[in-house]
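Q: Got a structure for you, written out below as structure tokens; questions coming shortly.
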Amino acid sequence: MTRLQLSSSAFADHAEIPRRYSGEGENISPPLTWTAAPEGTAELLLLCEDPDAPGATFLHWLVTGIDPWTGGVEEGQEPHGGRSWPNGFGQMGWGGPMPPPGHGPHRYFFRLYALSLPVRLSERPSVEAVHSAVQGRELASGTLVGTYQRL
């Protein structure tokens, strides 16, 4: 499988996500850029998840149907052509990091998938359902990890 390079001008891989993008700050999505999707890509899917959340992996952002020719998304925007889904807070679109105070640093995995076929999801998909839906459709993927903690 091909690898997509996924990055942000707001934070480096495995570095702290600025407060501006958190639930404590302005709660806007960070800017992201990525390399070109391979030929045969039907859509891009963008997912941000927190596996360190108490209970189950927490969904912070899910966008499907992103145009394959796009190379990124500006801060506070939705990717071109994409459909936003409810996040774990029950709101549409981006829901910034907001781990429990004193819980230590959480990791936020931004995952971008180039898919050979569009995915079909329920109206409130879980992170696990998204991972299941992309299996067998992945042409390429990329991951960017940011961290955030509340003291």
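By convention in this document, the chains of the structure tokens carry letters A, B, ... by their order, each chain's residues are numbered from 1, and ligands are numbered from 1 in the order they are shown.
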Run DSSP on the backbone and tell me which residues of chain A come out as strand (DSSP E); list them as a ChimeraX atom specification.

A: /A:2-3,6-7,15-16,32-34,43-50,58-66,72-73,83-84,106-115,138-148

Q: Write out as a VMD selection string which residues come within 7 Å of stretch 46-54 of chain A when counting only C-alpha atoms, dropping same-chain ones fewer than 3 positions away.

A: chain A and resid 57 to 64 99 106 to 113

Q: Okay, now the selection with N, CA and C atoms, as a tab-separated table (two decimals), in the first residue's frame?

A:
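Output (again.tsv):
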chain	number	residue	atom	x	y	z
A	57	THR	N	-12.08	4.52	22.27
A	57	THR	CA	-11.43	5.49	21.41
A	57	THR	C	-12.45	6.57	21.03
A	58	PHE	N	-12.03	7.82	21.19
A	58	PHE	CA	-12.93	8.96	21.00
A	58	PHE	C	-12.75	9.55	19.60
A	59	LEU	N	-13.87	9.80	18.92
A	59	LEU	CA	-13.87	10.37	17.59
A	59	LEU	C	-13.90	11.90	17.67
A	60	HIS	N	-12.86	12.55	17.12
A	60	HIS	CA	-12.79	14.01	17.12
A	60	HIS	C	-13.15	14.64	15.78
A	61	TRP	N	-12.96	13.87	14.70
A	61	TRP	CA	-13.25	14.44	13.38
A	61	TRP	C	-13.39	13.31	12.39
A	62	LEU	N	-14.41	13.37	11.57
A	62	LEU	CA	-14.59	12.42	10.49
A	62	LEU	C	-15.17	13.16	9.30
A	63	VAL	N	-14.44	13.08	8.17
A	63	VAL	CA	-14.90	13.68	6.92
A	63	VAL	C	-14.71	12.64	5.82
A	64	THR	N	-15.77	12.33	5.11
A	64	THR	CA	-15.71	11.39	3.99
A	64	THR	C	-16.00	12.13	2.69
A	99	PRO	N	-9.17	16.40	26.83
A	99	PRO	CA	-9.07	15.25	27.74
A	99	PRO	C	-9.38	15.65	29.17
A	106	HIS	N	-2.71	13.04	25.93
A	106	HIS	CA	-3.43	12.13	25.05
A	106	HIS	C	-2.83	12.26	23.65
A	107	ARG	N	-2.90	11.19	22.89
A	107	ARG	CA	-2.43	11.18	21.51
A	107	ARG	C	-3.64	11.30	20.58
A	108	TYR	N	-3.50	12.17	19.59
A	108	TYR	CA	-4.56	12.40	18.61
A	108	TYR	C	-4.03	11.98	17.25
A	109	PHE	N	-4.60	10.89	16.72
A	109	PHE	CA	-4.17	10.33	15.46
A	109	PHE	C	-5.03	10.90	14.34
A	110	PHE	N	-4.40	11.70	13.48
A	110	PHE	CA	-5.04	12.18	12.27
A	110	PHE	C	-4.69	11.16	11.20
A	111	ARG	N	-5.72	10.54	10.60
A	111	ARG	CA	-5.50	9.51	9.59
A	111	ARG	C	-6.20	9.92	8.30
A	112	LEU	N	-5.46	9.81	7.22
A	112	LEU	CA	-6.01	10.11	5.90
A	112	LEU	C	-5.93	8.84	5.06
A	113	TYR	N	-7.05	8.47	4.47
A	113	TYR	CA	-7.12	7.27	3.64
A	113	TYR	C	-7.52	7.64	2.22

Q: Measuring atom to atom with only C-alpha atoms, identify which of A:Pro31, A:Pro125, A:Gly40, A:Gly142 is nearest to A:Gly90.

A: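 Using only C-alpha atoms, A:Gly90 sits closest to A:Pro125.
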
Q: Extract, using only C-alpha atoms, all DNA, RNA and protein residues at most 8 Å from A:Pro38, discarding same-chain residues fewer than 6 positions from it, and format them as a VMD selection string.

A: chain A and resid 2 114 139 to 140

Q: Would you save the residues from that selection as a CSV table (one decimal), in the first residue's frame, using N, CA, C and O atoms?

A:
chain,number,residue,atom,x,y,z
A,2,THR,N,0.5,2.2,-0.7
A,2,THR,CA,1.2,3.5,-0.8
A,2,THR,C,1.0,4.3,0.4
A,2,THR,O,0.0,4.2,1.1
A,114,ALA,N,-6.8,7.1,1.2
A,114,ALA,CA,-7.2,7.1,-0.2
A,114,ALA,C,-7.9,5.8,-0.4
A,114,ALA,O,-7.4,4.7,-0.2
A,139,LEU,N,-6.1,2.4,-0.7
A,139,LEU,CA,-5.0,2.4,-1.7
A,139,LEU,C,-3.8,3.0,-1.2
A,139,LEU,O,-2.7,2.7,-1.6
A,140,ALA,N,-4.0,3.9,-0.2
A,140,ALA,CA,-2.9,4.6,0.5
A,140,ALA,C,-3.4,5.2,1.8
A,140,ALA,O,-4.6,5.4,1.9

Q: Would you kindly return, as a PyMOL selection string, each protein, DNA or RNA residue with an atom no farther than 12 Å from any atom of A:Pro101, considering only C-alpha atoms and excluding same-chain residues fewer than 3 positions away?

A: chain A and resi 24+53-54+97-98+104-106+148-151

Q: I'd like to know which of A:Ala37, A:Val134, A:Leu144, A:Met92 is closest to A:Leu6, using only C-alpha atoms.

A: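 Closest candidate: A:Leu144.
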
Q: Show me, as a tab-separated table (two decimals) with all heavy atoms, in the first residue's frame, the residues that have an atom within 9 Å of A:Ala12 when counting only C-alpha atoms, minus same-chain residues fewer than 5 positions from it.

A:
chain	number	residue	atom	x	y	z
A	7	SER	N	0.75	16.17	7.06
A	7	SER	CA	1.45	17.07	7.98
A	7	SER	C	0.58	18.29	8.28
A	7	SER	O	-0.45	18.52	7.66
A	7	SER	CB	2.79	17.50	7.38
A	7	SER	OG	2.59	18.20	6.18
A	17	ILE	N	-0.33	19.73	20.17
A	17	ILE	CA	-1.28	20.51	19.39
A	17	ILE	C	-1.51	21.83	20.12
A	17	ILE	O	-1.79	21.84	21.32
A	17	ILE	CB	-2.62	19.75	19.24
A	17	ILE	CG1	-2.39	18.44	18.47
A	17	ILE	CG2	-3.67	20.61	18.56
A	17	ILE	CD1	-3.59	17.50	18.49
A	144	LEU	N	-0.67	11.39	11.09
A	144	LEU	CA	0.00	12.46	11.82
A	144	LEU	C	-0.51	12.38	13.24
A	144	LEU	O	-1.72	12.29	13.46
A	144	LEU	CB	-0.36	13.83	11.21
A	144	LEU	CG	0.05	15.08	11.97
A	144	LEU	CD1	1.58	15.23	11.98
A	144	LEU	CD2	-0.59	16.32	11.36
A	145	VAL	N	0.40	12.40	14.22
A	145	VAL	CA	0.01	12.30	15.62
A	145	VAL	C	0.36	13.59	16.34
A	145	VAL	O	1.49	14.08	16.25
A	145	VAL	CB	0.72	11.11	16.31
A	145	VAL	CG1	0.31	11.02	17.78
A	145	VAL	CG2	0.43	9.81	15.59
A	146	GLY	N	-0.63	14.14	17.03
A	146	GLY	CA	-0.41	15.29	17.90
A	146	GLY	C	-0.76	14.90	19.32
A	146	GLY	O	-1.47	13.90	19.54

Q: Report the distance between atom CA of A:Asp13 and atom CA of A:Ser126 in Å, rounded to one decimal place.

A: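 Taking atom CA of A:Asp13 and atom CA of A:Ser126, their separation equals 24.5 Å.
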
Q: From the options A:Thr70, A:Ser29, A:Ser141, A:Asn87, which residue's atoms come nearest to A:Ser8, counting only C-alpha atoms?

A: A:Ser29

Q: Considering only C-alpha atoms, return as a list in words whatever protein or nucleic-acid residues lie within 10 Å of A:Ser122, sequence-local ones (same chain, fewer than 6 positions apart) excluded.

A: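 Near neighbours after the sequence-gap exclusion: Trp85, Ala129 and Val130 of chain A.
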
Q: Could you please take those selected residues and save C-alpha atoms as a compact mmCIF listing (two decimals), in the first residue's frame?

A:
# COMPACT_ATOMS: atom_id res chain seq x y z
CA TRP A 85 -19.99 13.47 10.46
CA ALA A 129 -16.92 1.16 12.35
CA VAL A 130 -14.84 3.60 10.31

Q: Pull the alpha helix (DSSP H) assignments for chain A out of DSSP run on the backbone, and list those residues as a list in words.

A: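 So the alpha helix (DSSP H) residues in chain A would be Val127, Glu128, Ala129, Val130, His131, Ser132, Ala133 and Val134 of chain A.
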
Q: Just C-alpha atoms for this one: save the residues we selected as an mmCIF file, in the first residue's frame.

A:
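Saved to result-v4.cif:
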data_model
loop_
_atom_site.group_PDB
_atom_site.id
_atom_site.type_symbol
_atom_site.label_atom_id
_atom_site.label_comp_id
_atom_site.auth_asym_id
_atom_site.auth_seq_id
_atom_site.Cartn_x
_atom_site.Cartn_y
_atom_site.Cartn_z
ATOM 1 C CA VAL A 127 -14.119 4.821 15.253
ATOM 2 C CA GLU A 128 -14.175 1.029 15.007
ATOM 3 C CA ALA A 129 -16.916 1.164 12.352
ATOM 4 C CA VAL A 130 -14.840 3.604 10.306
ATOM 5 C CA HIS A 131 -11.773 1.350 10.494
ATOM 6 C CA SER A 132 -13.897 -1.606 9.396
ATOM 7 C CA ALA A 133 -15.409 0.374 6.519
ATOM 8 C CA VAL A 134 -12.019 1.320 5.042
#
